[in-house]
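Student: Supplied in structure tokens, the structure appears directly below.
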Amino acid sequence: MGQSLSIYSPSGQVGLPENPFGQRIANLQLYQALARHADFTRLDFLTVREITPEGLAESLFPGETPPVELGAGPILNLQPAIQAGALLRGSLTLSDLAWQRRRQAGDRAYSLIGLIHTLAPPAIRQDLVSNLAAPTQDWDAIICTSPVVRDATQALFDSWHDHLADRMGATKRPQPRLPLIPLGVDGPAMAALADRPQVRRSRREALGLEPDDVLVLWVGRLSFFEKAFPQPMFRAVEEAAARTGRKVVFAMSGWFPGGDRDREFYVSAAKAYAPSVRLELLNGNDRELLGELWAASDIFISLVDNIQETFGITPIEAMAAGLPVVVSDWDGYRYTVRDGMEGFLIPTLGGPPRVMGEHMTARHLVQFDTYQNYVGAIAQHTAVHVGRAAEALAALIDNPDLRRRMGEAGRARVASFCDWPVVARQIRGLIDELAAVRAASPGPAPLPVTDPVSGDPFTDFDAFPTHVLRLDARLSVRPGIGEADLARAGELILDKAFGAWRAGPEEHAAILRRLTAEGPLSVRDILVGFPGPKRRNVHMSLAWMAKLGMLDWLS
């Protein structure tokens, strides 16, 4: 088993910004769990931006000593991935990494592992099928976080293979593996937040709640576009309060992507659908306040209706906090919550197929509608059974013992199924399994080395110019050119532009001196006068010196 793991994080910014989205939170917690629980001694983060190991440590483990050695470097240097035997990316796009692997290291150098956070955006689905045309292998994998995600992904792959067969007569059906591994939570940390009697009392007092009053909690982005329309929740809480005759307060902890305008939408809907239930809209980015809400609450609710939601972290956070959950029977929710055990799954109703859905997608693809409007329109025509939700809430409001039993069952479910140590060990096992497959495979044919779509522009467009600077091209110094021209080129901004692709002043001077002394030489003869690692940059410098009128290629 390898002792290190490489992780591709393009921006290198693994910490949480203000108003973080679920994918960012999930990836951060995944990296932390792999560092703590997967028996690695080192994590290398490969990025497109410069970041130091110290900056990584502060982002990943603020105020702590990292449990593993951390490294950081450019994604163009694949040596850490080769040594680790695996490169993990916190998204589903592996095509660019597969082509880079083939070009720089070979297909068998290491395994690629991606992770699906959502399947809804058409652009994401296009990225997903692009993995099939890239040189991904049987020792690569895209982690699916629920059975529905896995089945939908396989169905998409099958449809795409069928399309290619019809269009091009393709017979091979290659694809990365699709292992089923849930996201996780820190169960003990959530339990510690919730099991604070004094905090529970003080926060409930601050909310004006008596001991027998019931606090229902939602945690998540307050977006009717990308998360859930709140009206079914408001109506269900109102009906449950009326049935039981109990005082119920509904706290929604999150943030509004649309700012004050969206806040007013929620307030207006609550007044219309839950006039007798007090709504508390609280800042979900205040981690201390959120921790107090986990302690103070009695029931968790999340009636999502949006195809953007494919797993759902907050219900398992609630279970880890010991709360019974009332959630929609939806994709990942039904994978993590068992109806009647940790809480209640509320039936959902999708909109009519083959009626308006394709038109909705078409409007989004031609940019008449934003992605938010696209998924929002779908969610507005997806129903959650309000009556069943009200019944579930009423049963829990009326029965503290049921709340306790379901809360205990939720904690046991998290401990055995999706606590981060459990998830991290599954990912470590996947890495080892892929390594074994890679070692046993004879490997695919080595060609093509370069992605035909995004390859070498000097090759792809070599018919554009009159000539190409190939190895047999002959170069000479133009009359009157000397080292003063090199000095000027080292000062002018336009001459210096994009200098990182070229050799340095010493090599430029050596080129000029040799051509002046020996006369016209082939590119091959010039390059052999330089060490191997320098030759590619010197070759680019020859083109640059010709551009600036120092060298002639027609002599």
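Letters A, B, ... mark the chains of the structure tokens in the order given; residue numbers begin at 1 per chain; ligand numbers begin at 1, in order shown.
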Using DSSP on the backbone, list every residue of region 131-303 of chain A that comes out as helix (DSSP H, G or I), and give them as a PyMOL selection string.
Tutor: chain A and resi 131-133+147-168+187-194+197-206+231-244+260-273+287-296
Student: Identify, on the basis of only C-alpha atoms, every residue whose closest approach to region 385-387 of chain A does not exceed 10 Å; exclude the query and any residue fewer than 2 positions from it along the same chain; express the result as a VMD selection string.
Tutor: chain A and resid 231 to 237 239 to 240 303 328 to 329 346 to 349 383 389 to 393
Student: Which value, in Å to one decimal, gives the distance between CA of Val68 (chain A) and CA of Ala189 (chain A)?
Tutor: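 A separation of 20.3 Å between them.
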Student: Skip region 401-405 of chain A itself and residues of its chain fewer than 2 positions away, then list as number ranges by chain all residues within 12 Å of it, counting only C-alpha atoms.
Tutor: A: 214, 216, 297-300, 319, 321-326, 340-344, 392-399, 407-412
Student: Take the residues that were just selected and, keeping N, CA and C atoms, output them as a compact mmCIF listing (two decimals), in the first residue's frame.
Tutor:
```
# COMPACT_ATOMS: atom_id res chain seq x y z
N VAL A 214 -41.35 22.89 20.93
CA VAL A 214 -40.59 22.09 19.95
C VAL A 214 -39.93 23.01 18.93
N VAL A 216 -38.05 22.99 15.43
CA VAL A 216 -37.78 22.27 14.18
C VAL A 216 -36.70 23.02 13.44
N SER A 297 -32.26 22.02 19.19
CA SER A 297 -33.38 21.58 18.35
C SER A 297 -33.91 20.22 18.77
N ASP A 298 -35.14 19.94 18.30
CA ASP A 298 -35.82 18.68 18.61
C ASP A 298 -36.01 17.80 17.38
N ILE A 299 -36.21 18.43 16.23
CA ILE A 299 -36.50 17.70 14.99
C ILE A 299 -35.76 18.40 13.86
N PHE A 300 -35.23 17.61 12.92
CA PHE A 300 -34.60 18.18 11.73
C PHE A 300 -35.50 17.91 10.54
N MET A 319 -28.48 13.45 12.12
CA MET A 319 -28.49 12.14 12.77
C MET A 319 -27.33 12.02 13.74
N ALA A 321 -26.06 14.38 15.34
CA ALA A 321 -26.41 15.23 16.48
C ALA A 321 -27.51 14.61 17.34
N GLY A 322 -28.05 13.47 16.93
CA GLY A 322 -29.07 12.80 17.72
C GLY A 322 -30.48 13.28 17.47
N LEU A 323 -30.70 13.92 16.31
CA LEU A 323 -32.05 14.42 15.99
C LEU A 323 -32.77 13.46 15.06
N PRO A 324 -34.06 13.23 15.28
CA PRO A 324 -34.85 12.51 14.28
C PRO A 324 -35.01 13.41 13.06
N VAL A 325 -35.11 12.80 11.88
CA VAL A 325 -35.13 13.60 10.66
C VAL A 325 -36.41 13.33 9.88
N VAL A 326 -36.92 14.39 9.29
CA VAL A 326 -38.05 14.31 8.36
C VAL A 326 -37.53 14.86 7.04
N GLY A 340 -38.79 5.21 9.05
CA GLY A 340 -39.30 4.61 10.26
C GLY A 340 -38.22 4.24 11.26
N MET A 341 -36.94 4.40 10.90
CA MET A 341 -35.86 4.04 11.82
C MET A 341 -35.14 5.30 12.34
N GLU A 342 -34.46 6.01 11.45
CA GLU A 342 -33.79 7.26 11.88
C GLU A 342 -34.70 8.47 11.72
N GLY A 343 -35.82 8.26 11.05
CA GLY A 343 -36.74 9.35 10.79
C GLY A 343 -37.77 8.91 9.78
N PHE A 344 -38.25 9.86 9.00
CA PHE A 344 -39.31 9.57 8.03
C PHE A 344 -38.91 10.08 6.66
N ALA A 392 -45.72 13.07 9.90
CA ALA A 392 -44.44 12.70 10.51
C ALA A 392 -44.04 13.70 11.58
N LEU A 393 -44.16 14.98 11.27
CA LEU A 393 -43.81 16.01 12.26
C LEU A 393 -44.70 15.90 13.49
N ALA A 394 -46.00 15.70 13.26
CA ALA A 394 -46.92 15.60 14.39
C ALA A 394 -46.58 14.41 15.28
N ALA A 395 -46.24 13.27 14.67
CA ALA A 395 -45.87 12.09 15.46
C ALA A 395 -44.66 12.38 16.33
N LEU A 396 -43.69 13.09 15.79
CA LEU A 396 -42.48 13.39 16.55
C LEU A 396 -42.73 14.48 17.59
N ILE A 397 -43.54 15.47 17.25
CA ILE A 397 -43.85 16.53 18.21
C ILE A 397 -44.58 15.96 19.42
N ASP A 398 -45.49 15.02 19.18
CA ASP A 398 -46.31 14.45 20.26
C ASP A 398 -45.58 13.41 21.10
N ASN A 399 -44.47 12.89 20.61
CA ASN A 399 -43.87 11.73 21.25
C ASN A 399 -42.36 11.93 21.48
N GLY A 407 -33.42 9.40 17.27
CA GLY A 407 -32.14 10.08 17.41
C GLY A 407 -31.02 9.12 17.71
N GLU A 408 -31.26 8.17 18.60
CA GLU A 408 -30.25 7.16 18.93
C GLU A 408 -29.95 6.28 17.71
N ALA A 409 -31.00 5.92 16.97
CA ALA A 409 -30.80 5.11 15.77
C ALA A 409 -29.99 5.87 14.73
N GLY A 410 -30.21 7.18 14.64
CA GLY A 410 -29.46 8.00 13.70
C GLY A 410 -27.98 8.01 14.03
N ARG A 411 -27.64 8.13 15.31
CA ARG A 411 -26.23 8.12 15.70
C ARG A 411 -25.59 6.76 15.39
N ALA A 412 -26.30 5.69 15.63
CA ALA A 412 -25.76 4.37 15.32
C ALA A 412 -25.58 4.20 13.82
```
Student: Restricting the calculation to only C-alpha atoms, which member of A:Tyr31, A:Trp294, A:Trp544, A:Phe229 is positioned closest to Gly184 (chain A)?
Tutor: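 The closest residue to Gly184 (chain A) is A:Tyr31.
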Student: For Asp138 (chain A), please output as a VMD selection string all residues within 9 Å (counting only C-alpha atoms; exclusion window: fewer than 4 positions along the same chain).
Tutor: chain A and resid 174 to 177 434 437 to 438 441
Student: Taking only C-alpha atoms into account, name the residue in A:Gly85, A:Gly482, A:Gly169, A:Gly504 that is nearest to Ala517 (chain A).
Tutor: A:Gly482
Student: Counting only C-alpha atoms, figure out which residue out of A:Arg287, A:Glu483, A:Ala120, A:Thr41 gets nearest to His364 (chain A).
Tutor: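 That would be A:Ala120, the residue with the smallest distance to His364 (chain A).
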Student: So which residues touch region 488-499 of chain A within 12 Å, counting only C-alpha atoms, skipping near sequence neighbours fewer than 2 positions away, as number ranges by chain?
Tutor: A: 481-486, 501-506, 508-509, 537-538, 540-541, 544-550
Student: What's the 10 Å shell around Ser91 (chain A), counting only C-alpha atoms, without same-chain residues fewer than 2 positions away, as a VMD selection string?
Tutor: chain A and resid 8 to 9 23 27 88 to 89 93 to 94 113 to 118 124 128 142 to 143
Student: Those same residues - all heavy atoms - I'd like them written as a compact mmCIF listing (two decimals), in the first residue's frame.
Tutor:
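The resulting file, result24.txt, is reproduced below:
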```txt
# COMPACT_ATOMS: atom_id res chain seq x y z
N TYR A 8 -5.66 16.66 -6.67
CA TYR A 8 -5.68 17.79 -7.60
C TYR A 8 -6.72 18.79 -7.14
O TYR A 8 -7.91 18.52 -7.14
CB TYR A 8 -5.98 17.32 -9.01
CG TYR A 8 -6.08 18.44 -10.03
CD1 TYR A 8 -5.18 19.51 -10.01
CD2 TYR A 8 -7.06 18.44 -11.01
CE1 TYR A 8 -5.27 20.54 -10.94
CE2 TYR A 8 -7.15 19.45 -11.95
CZ TYR A 8 -6.25 20.51 -11.92
OH TYR A 8 -6.34 21.51 -12.83
N SER A 9 -6.25 19.96 -6.72
CA SER A 9 -7.12 21.06 -6.32
C SER A 9 -6.71 22.27 -7.14
O SER A 9 -5.74 22.95 -6.79
CB SER A 9 -6.99 21.35 -4.82
OG SER A 9 -7.75 22.47 -4.44
N GLN A 23 -20.39 21.37 -1.97
CA GLN A 23 -19.26 20.66 -2.55
C GLN A 23 -17.95 21.09 -1.90
O GLN A 23 -17.09 20.26 -1.61
CB GLN A 23 -19.19 20.91 -4.06
CG GLN A 23 -17.98 20.27 -4.72
CD GLN A 23 -17.99 20.42 -6.23
OE1 GLN A 23 -19.02 20.67 -6.84
NE2 GLN A 23 -16.83 20.26 -6.84
N ASN A 27 -15.59 18.48 0.19
CA ASN A 27 -14.21 18.19 -0.21
C ASN A 27 -13.24 18.51 0.92
O ASN A 27 -12.29 17.73 1.16
CB ASN A 27 -13.85 18.99 -1.46
CG ASN A 27 -14.37 18.35 -2.73
OD1 ASN A 27 -14.74 17.18 -2.75
ND2 ASN A 27 -14.42 19.10 -3.80
N LEU A 88 -6.36 11.99 -6.81
CA LEU A 88 -7.77 12.20 -6.47
C LEU A 88 -8.18 13.62 -6.85
O LEU A 88 -7.44 14.58 -6.60
CB LEU A 88 -7.97 12.00 -4.97
CG LEU A 88 -9.33 12.38 -4.39
CD1 LEU A 88 -10.41 11.43 -4.86
CD2 LEU A 88 -9.28 12.41 -2.86
N ARG A 89 -9.33 13.73 -7.46
CA ARG A 89 -9.91 15.04 -7.78
C ARG A 89 -11.30 15.11 -7.17
O ARG A 89 -12.09 14.17 -7.31
CB ARG A 89 -9.99 15.25 -9.29
CG ARG A 89 -10.48 16.64 -9.67
CD ARG A 89 -10.45 16.85 -11.18
NE ARG A 89 -10.59 18.24 -11.52
CZ ARG A 89 -10.48 18.74 -12.75
NH1 ARG A 89 -10.22 17.93 -13.76
NH2 ARG A 89 -10.61 20.04 -12.97
N THR A 93 -14.58 15.35 -13.33
CA THR A 93 -13.89 15.54 -14.60
C THR A 93 -12.50 14.94 -14.55
O THR A 93 -11.61 15.45 -13.85
CB THR A 93 -13.80 17.03 -14.95
OG1 THR A 93 -15.11 17.61 -14.94
CG2 THR A 93 -13.19 17.23 -16.33
N LEU A 94 -12.29 13.85 -15.29
CA LEU A 94 -10.99 13.19 -15.34
C LEU A 94 -10.35 13.27 -16.72
O LEU A 94 -9.20 12.86 -16.90
CB LEU A 94 -11.14 11.71 -14.95
CG LEU A 94 -11.67 11.41 -13.55
CD1 LEU A 94 -11.71 9.90 -13.33
CD2 LEU A 94 -10.82 12.09 -12.47
N ILE A 113 -8.98 9.20 -9.69
CA ILE A 113 -10.22 9.00 -8.93
C ILE A 113 -10.97 10.32 -8.87
O ILE A 113 -10.41 11.34 -8.42
CB ILE A 113 -9.93 8.50 -7.50
CG1 ILE A 113 -9.14 7.19 -7.54
CG2 ILE A 113 -11.23 8.32 -6.72
CD1 ILE A 113 -8.68 6.72 -6.18
N GLY A 114 -12.19 10.33 -9.33
CA GLY A 114 -13.05 11.51 -9.27
C GLY A 114 -14.20 11.28 -8.30
O GLY A 114 -14.36 10.20 -7.73
N LEU A 115 -15.03 12.30 -8.15
CA LEU A 115 -16.13 12.26 -7.18
C LEU A 115 -17.30 13.05 -7.73
O LEU A 115 -17.14 14.21 -8.15
CB LEU A 115 -15.66 12.85 -5.85
CG LEU A 115 -16.70 13.04 -4.75
CD1 LEU A 115 -17.28 11.70 -4.32
CD2 LEU A 115 -16.06 13.73 -3.54
N ILE A 116 -18.48 12.45 -7.74
CA ILE A 116 -19.68 13.12 -8.24
C ILE A 116 -20.37 13.84 -7.08
O ILE A 116 -20.76 13.21 -6.10
CB ILE A 116 -20.64 12.11 -8.89
CG1 ILE A 116 -20.00 11.49 -10.12
CG2 ILE A 116 -21.96 12.80 -9.26
CD1 ILE A 116 -20.85 10.43 -10.79
N HIS A 117 -20.52 15.16 -7.23
CA HIS A 117 -21.28 15.94 -6.25
C HIS A 117 -22.68 16.27 -6.77
O HIS A 117 -23.61 16.44 -5.99
CB HIS A 117 -20.55 17.24 -5.92
CG HIS A 117 -19.33 17.04 -5.07
ND1 HIS A 117 -19.40 16.79 -3.72
CD2 HIS A 117 -18.01 17.05 -5.39
CE1 HIS A 117 -18.18 16.66 -3.23
NE2 HIS A 117 -17.32 16.81 -4.22
N THR A 118 -22.81 16.41 -8.08
CA THR A 118 -24.13 16.67 -8.67
C THR A 118 -24.12 16.16 -10.10
O THR A 118 -23.08 16.12 -10.76
CB THR A 118 -24.49 18.16 -8.64
OG1 THR A 118 -25.81 18.35 -9.19
CG2 THR A 118 -23.50 19.00 -9.45
N ILE A 124 -22.09 19.68 -16.64
CA ILE A 124 -21.46 18.63 -15.84
C ILE A 124 -21.67 17.27 -16.51
O ILE A 124 -20.75 16.42 -16.54
CB ILE A 124 -22.05 18.62 -14.43
CG1 ILE A 124 -21.59 19.86 -13.64
CG2 ILE A 124 -21.70 17.34 -13.68
CD1 ILE A 124 -20.13 19.83 -13.25
N LEU A 128 -18.95 14.61 -17.78
CA LEU A 128 -18.97 13.21 -17.35
C LEU A 128 -18.77 12.28 -18.55
O LEU A 128 -17.95 11.35 -18.50
CB LEU A 128 -20.30 12.92 -16.65
CG LEU A 128 -20.44 11.58 -15.93
CD1 LEU A 128 -19.32 11.36 -14.94
CD2 LEU A 128 -21.79 11.52 -15.22
N ILE A 142 -14.76 6.83 -10.68
CA ILE A 142 -15.53 8.02 -10.31
C ILE A 142 -16.46 7.59 -9.18
O ILE A 142 -17.37 6.78 -9.39
CB ILE A 142 -16.33 8.59 -11.49
CG1 ILE A 142 -15.39 8.92 -12.66
CG2 ILE A 142 -17.09 9.83 -11.07
CD1 ILE A 142 -16.12 9.37 -13.91
N ILE A 143 -16.22 8.12 -7.99
CA ILE A 143 -16.99 7.72 -6.81
C ILE A 143 -18.42 8.25 -6.92
O ILE A 143 -18.63 9.44 -7.18
CB ILE A 143 -16.32 8.23 -5.53
CG1 ILE A 143 -14.96 7.55 -5.34
CG2 ILE A 143 -17.21 7.98 -4.31
CD1 ILE A 143 -14.14 8.13 -4.20
```
